[in-house]
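A short write-up of the structure that comes next.
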Protein chains: 2
Amino acid sequence: MLKGFRVAAVDAGIYAHFNKPTRPDLTLIAADVPCTAAGVFTTNYVKAAPVVLDQQHLAANPNSIRAVLVNAGCANAATADEGLQNAKRTTEVVAERIGCMPSEVLVMSTGVIGTHLPIAKMESGIAAAASALGADAWNDAARAIMTTDTKPKLVSVTTQAGYTITGIAKGAGMIAPNMATMLSVVVTDAAIDAETLQMALQSAANESFNRVVVDGDMSTNDTLLLLANGASGITLTGMDLLNFTAELTDVCEQLARMIVADGEGVTKFITLRVNGARTSAEARQIANTIATSPLVKTAFYGGDANWGRILAAAGRAGVEIDPGKLSLWYDDLQLVMNGTPRQYSESRATAIANQAEVTVTLDLGLGDAGAVVWTCDLSHDYVSINGHYRT
Amino acid sequence: MLKGFRVAAVDAGIYAHFNKPTRPDLTLIAADVPCTAAGVFTTNYVKAAPVVLDQQHLAANPNSIRAVLVNAGCANAATADEGLQNAKRTTEVVAERIGCMPSEVLVMSTGVIGTHLPIAKMESGIAAAASALGADAWNDAARAIMTTDTKPKLVSVTTQAGYTITGIAKGAGMIAPNMATMLSVVVTDAAIDAETLQMALQSAANESFNRVVVDGDMSTNDTLLLLANGASGITLTGMDLLNFTAELTDVCEQLARMIVADGEGVTKFITLRVNGARTSAEARQIANTIATSPLVKTAFYGGDANWGRILAAAGRAGVEIDPGKLSLWYDDLQLVMNGTPRQYSESRATAIANQAEVTVTLDLGLGDAGAVVWTCDLSHDYVSINGHYRT
């Protein structure tokens, strides 16, 4: 049982403001005491206002974050100074309601780029959420931060040591291979110093959210936050921190896999392993190129074992490879050995390509390094969802 | 009227061999006299056998190329030594039929990766094509090299100076921003030395085929060939070569635009200009990132003026930009000025986004360099075509 955090999700009318069907669209997470906090953010040069503001607040108050406000329906990105002022105003309203400094509040926004937050609706929504705060609304929160997600993404683990880690995430589109690739808030009632918390979060992100590729489009808003309030009475130091990082990584991995499985229009979950690389960076570069290839993704959608497209994508990744050393497997079926197609069973390959989950392994034959990414197919529904997202 | 080249297109049974509906699938272009020749090839590390062989033949015989053989239905890529031996065998058969050395024959293949050429069918097809060679079958040739193209792509220009440039191309999918991005053969009856020919071809490719983005997937087979036989009796030197390069560029630009307009499932032709960059390389990098963004492409398919996605793609291109200096136009409608959304007419923006042709201009506000690419939308039909390409 997570201690010392309260949460609420309300319909603030943000969706209604943009002439969309109403739904819960504003989430407030509040800590009873100041938290240490860490964040991993988009590396996009076009950063949304909440990203810019959070980076300032985290740098100023890594030991006294009190709340996270998340809205769906408006990304508050590409909104210039007015967007930053609006984001600041929401932190002021939260601070008044829960009794802290505005710079102790973090904010996240997701939705359409280039539109302004409906600030009056945000203000009344924050008031309603602050009044509704309770210990049990995490599933409501996971649901209220969704955009084109079809399922809420909530993971909560109570460890043997006795503290709890709870995380929510939203994904669906604009899921790219570099850095935090969505919105996610993870909280724990363990006590951990802020510097360690940042290292643990970066490590967990590298092994989880950074392995996820839906469409290769990196968002302006990607944010992963971690708050620790110490309310469990358990202070983590030394070797305990290794356990914490492992448990945090596990929570993040579960959330990351949920994001891929619930990617826009996804019908297949693909685990892509690139082995035999000179360096893990090169392995990841090739894996990301394959995972973002429209031709590879549409072939998996069609259940076509068109493995030549995987080799073609590997060859254009900007990493020098030797075509004569490539070997390729779908699950345990080897299709290519040292650059030469094998006499494999086409019906077996097609059967694998039609599974809901497929593991593709590409061995470069150049070294001992490797990388894994989790990705998905590209379907008619992806095109439908993104062709009419605003309308 | 093009002089000194003959061409034939036949149904060699390659499509039938792979259990697809029969159609003309083999094209032979033969020169009456040895040609100077030039080529631009895919930079993919996984090069198809015909690319490897052509590079050898061009290096050995830049002044005595006699024929180009093109097959559809099988890419002869990822086929290892057997694929290279098959490609060589086809050059031997062509050489026997038209009376030249095998190393004076170039070959191109397009179709599925990872399958072997049906060599007996290729041999009888070459015999049939060699018997059918004539001056007038260029449109048939343009049709026989198609795969998922819906229209043949043929351009022929007779210049004021009196020589002719004739080109055919196929595109449709796997159209990437780097280097020759399809199959194309261009021939001229002017006389030009091989070294100059290569420079002219590289220059023309940079201004035409290299500006084309359909899906960002670079083929294993991309090849652009240029043959000059001198049959017009016109020898080009000095300033004439500038005119030739301009005319060649014009032919290549027309073919390149046809490739985009006939890209797989394309409903919209988008001219994307990135201005105000520090360097043209940075401008092109940003333009290519925008042009390959699934979110940008699906928005255009849906006729949604979701311009925020263009800024988001620009921000993740790996080029340092200043969000506060970005300005954006759809045709002549300015949507963003110095990072701030303008009060534009949404109905006017939507009307532009629904046009069959749209010009998008992004000014980075950083310098004087720019780049232009031609790209397209991402539609349901693209997914259908590529989900079931082999089946």
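Residue numbers start at 1 in each chain; chains themselves are named A, B, ... in the order of the structure tokens; ligands are numbered from 1 in the order shown.
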
* At a cut-off of 8 Å, list the chain A residues touching chain B, using only C-alpha atoms, as a PyMOL selection string. => chain A and resi 43-47+77-80+112-114+174+215-220+293-295+298-304+306-309+311-316+320-324+339-341+378-380+383-384+386-391

Exercise: His17 in chain B partners within 12 Å, only C-alpha atoms, chain neighbours under 4 positions left out, as a CSV table (one decimal) with N, CA, C and O atoms, in the first residue's frame:
```
chain,number,residue,atom,x,y,z
B,11,ASP,N,7.4,-10.4,-71.8
B,11,ASP,CA,7.0,-11.1,-70.6
B,11,ASP,C,7.9,-12.4,-70.6
B,11,ASP,O,7.7,-13.3,-71.3
B,12,ALA,N,8.8,-12.3,-69.7
B,12,ALA,CA,9.8,-13.4,-69.6
B,12,ALA,C,9.3,-14.5,-68.6
B,12,ALA,O,10.0,-15.5,-68.4
B,13,GLY,N,8.2,-14.3,-68.0
B,13,GLY,CA,7.6,-15.3,-67.1
B,13,GLY,C,8.2,-15.2,-65.7
B,13,GLY,O,8.0,-16.1,-64.9
B,21,PRO,N,0.3,-12.7,-61.4
B,21,PRO,CA,-0.3,-12.5,-62.7
B,21,PRO,C,0.8,-12.1,-63.7
B,21,PRO,O,1.7,-11.3,-63.4
B,22,THR,N,0.8,-12.7,-64.9
B,22,THR,CA,1.8,-12.4,-65.9
B,22,THR,C,1.7,-11.0,-66.4
B,22,THR,O,0.6,-10.4,-66.4
B,23,ARG,N,2.8,-10.5,-66.8
B,23,ARG,CA,2.9,-9.1,-67.4
B,23,ARG,C,4.3,-8.9,-68.0
B,23,ARG,O,5.2,-9.7,-67.6
B,25,ASP,N,7.9,-8.1,-68.0
B,25,ASP,CA,8.7,-8.0,-66.8
B,25,ASP,C,10.2,-7.9,-67.1
B,25,ASP,O,11.0,-7.9,-66.2
B,72,ALA,N,11.8,-6.9,-63.6
B,72,ALA,CA,10.9,-6.6,-62.4
B,72,ALA,C,10.5,-8.0,-61.9
B,72,ALA,O,10.8,-9.0,-62.5
B,73,GLY,N,10.0,-8.0,-60.6
B,73,GLY,CA,9.5,-9.3,-60.0
B,73,GLY,C,10.5,-10.0,-59.1
B,73,GLY,O,10.1,-10.8,-58.4
B,74,CYS,N,11.8,-9.6,-59.1
B,74,CYS,CA,12.8,-10.2,-58.3
B,74,CYS,C,13.9,-9.2,-58.2
B,74,CYS,O,14.5,-8.8,-59.2
B,115,THR,N,15.0,-13.5,-53.0
B,115,THR,CA,14.6,-14.6,-53.9
B,115,THR,C,15.6,-14.6,-55.1
B,115,THR,O,16.1,-13.6,-55.5
B,116,HIS,N,15.8,-15.8,-55.7
B,116,HIS,CA,16.7,-15.9,-56.8
B,116,HIS,C,16.1,-15.7,-58.1
B,116,HIS,O,14.9,-16.0,-58.3
B,117,LEU,N,16.8,-15.1,-59.1
B,117,LEU,CA,16.3,-14.9,-60.4
B,117,LEU,C,16.0,-16.3,-61.0
B,117,LEU,O,16.8,-17.2,-60.9
B,118,PRO,N,14.8,-16.5,-61.7
B,118,PRO,CA,14.6,-17.7,-62.4
B,118,PRO,C,15.4,-17.7,-63.7
B,118,PRO,O,15.0,-17.1,-64.7
B,119,ILE,N,16.6,-18.3,-63.6
B,119,ILE,CA,17.6,-18.1,-64.6
B,119,ILE,C,17.2,-18.6,-66.0
B,119,ILE,O,17.5,-18.0,-67.0
B,120,ALA,N,16.5,-19.8,-66.1
B,120,ALA,CA,16.1,-20.3,-67.4
B,120,ALA,C,15.1,-19.4,-68.1
B,120,ALA,O,15.2,-19.1,-69.3
B,121,LYS,N,14.2,-18.8,-67.3
B,121,LYS,CA,13.2,-17.9,-67.8
B,121,LYS,C,13.9,-16.6,-68.2
B,121,LYS,O,13.6,-16.0,-69.3
B,122,MET,N,14.9,-16.2,-67.5
B,122,MET,CA,15.7,-15.0,-67.9
B,122,MET,C,16.4,-15.2,-69.2
B,122,MET,O,16.4,-14.3,-70.1
```

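Nearest-residue note for Asp140 in chain A: choosing from A:Ala277, A:Cys376, A:Ile29, A:Leu2, the minimum distance belongs to A:Ile29, counting only C-alpha atoms.
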
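One distance worth recording is that between CA of Asp331 in chain A and CA of Ile352 in chain A, which is 7.3 Å.
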
* Leaving out range 88-95 of chain B and any residue of its chain fewer than 2 positions from it, which residues lie within 10 Å of it when counting only C-alpha atoms, given as number ranges by chain? -> B: 28, 30, 49-50, 53-54, 66-69, 82-86, 97-107, 117, 119-120, 122-124, 126-127, 129-130

* Which one of B:Ala231, B:Val212, B:Val274, B:Ala281 sits closest to Ala191 in chain B if you count only C-alpha atoms? -> B:Ala231

* To do: Write out as number ranges by chain all residues of range 138-271 of chain A that DSSP puts in alpha helix (DSSP H) for this structure's backbone.
  => A: 138-144, 194-206, 240-261

Contacts of Thr164 in chain A at 6 Å or less, counting only C-alpha atoms, minus same-chain residues fewer than 4 places along, as a compact mmCIF listing (two decimals) with C-alpha atoms, in the first residue's frame?
```
# COMPACT_ATOMS: atom_id res chain seq x y z
CA LEU A 2 1.53 3.26 -1.18
CA VAL A 157 4.73 -3.09 -6.76
CA THR A 158 5.19 -3.45 -3.01
CA THR A 188 7.55 5.69 -4.21
CA ASP A 189 7.17 5.95 -0.47
```

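Reported to one decimal place, the separation of CA of Ile145 in chain B from CA of Leu26 in chain B is 7.1 Å.
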
* Structure fact -> Here CA of Pro34 in chain B and CA of Ile14 in chain B stand apart by 28.8 Å

* List the neighbours of Glu207 in chain A out to 7 Å using only C-alpha atoms; skip same-chain residues closer than 4 positions along the sequence, and give me the result as JSON, numbers by chain. => {"A": [203, 211, 249]}

Export, as a PDB file, in the first residue's frame, the selected residues with N, CA, C and O atoms.
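Dumped to out15.pdb:
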```
ATOM      1  N   SER A 203      18.885   5.238 -15.414  1.00  0.00           N
ATOM      2  CA  SER A 203      19.216   3.841 -15.679  1.00  0.00           C
ATOM      3  C   SER A 203      17.966   3.041 -16.049  1.00  0.00           C
ATOM      4  O   SER A 203      17.959   2.271 -17.020  1.00  0.00           O
ATOM      5  N   ARG A 211      13.719   1.763 -24.963  1.00  0.00           N
ATOM      6  CA  ARG A 211      13.758   0.615 -25.869  1.00  0.00           C
ATOM      7  C   ARG A 211      12.495   0.507 -26.702  1.00  0.00           C
ATOM      8  O   ARG A 211      12.287  -0.493 -27.389  1.00  0.00           O
ATOM      9  N   THR A 249      13.225  -0.344 -12.486  1.00  0.00           N
ATOM     10  CA  THR A 249      13.374  -0.749 -13.887  1.00  0.00           C
ATOM     11  C   THR A 249      12.262  -1.708 -14.282  1.00  0.00           C
ATOM     12  O   THR A 249      11.699  -1.611 -15.382  1.00  0.00           O
TER      13      THR A 249
END
```
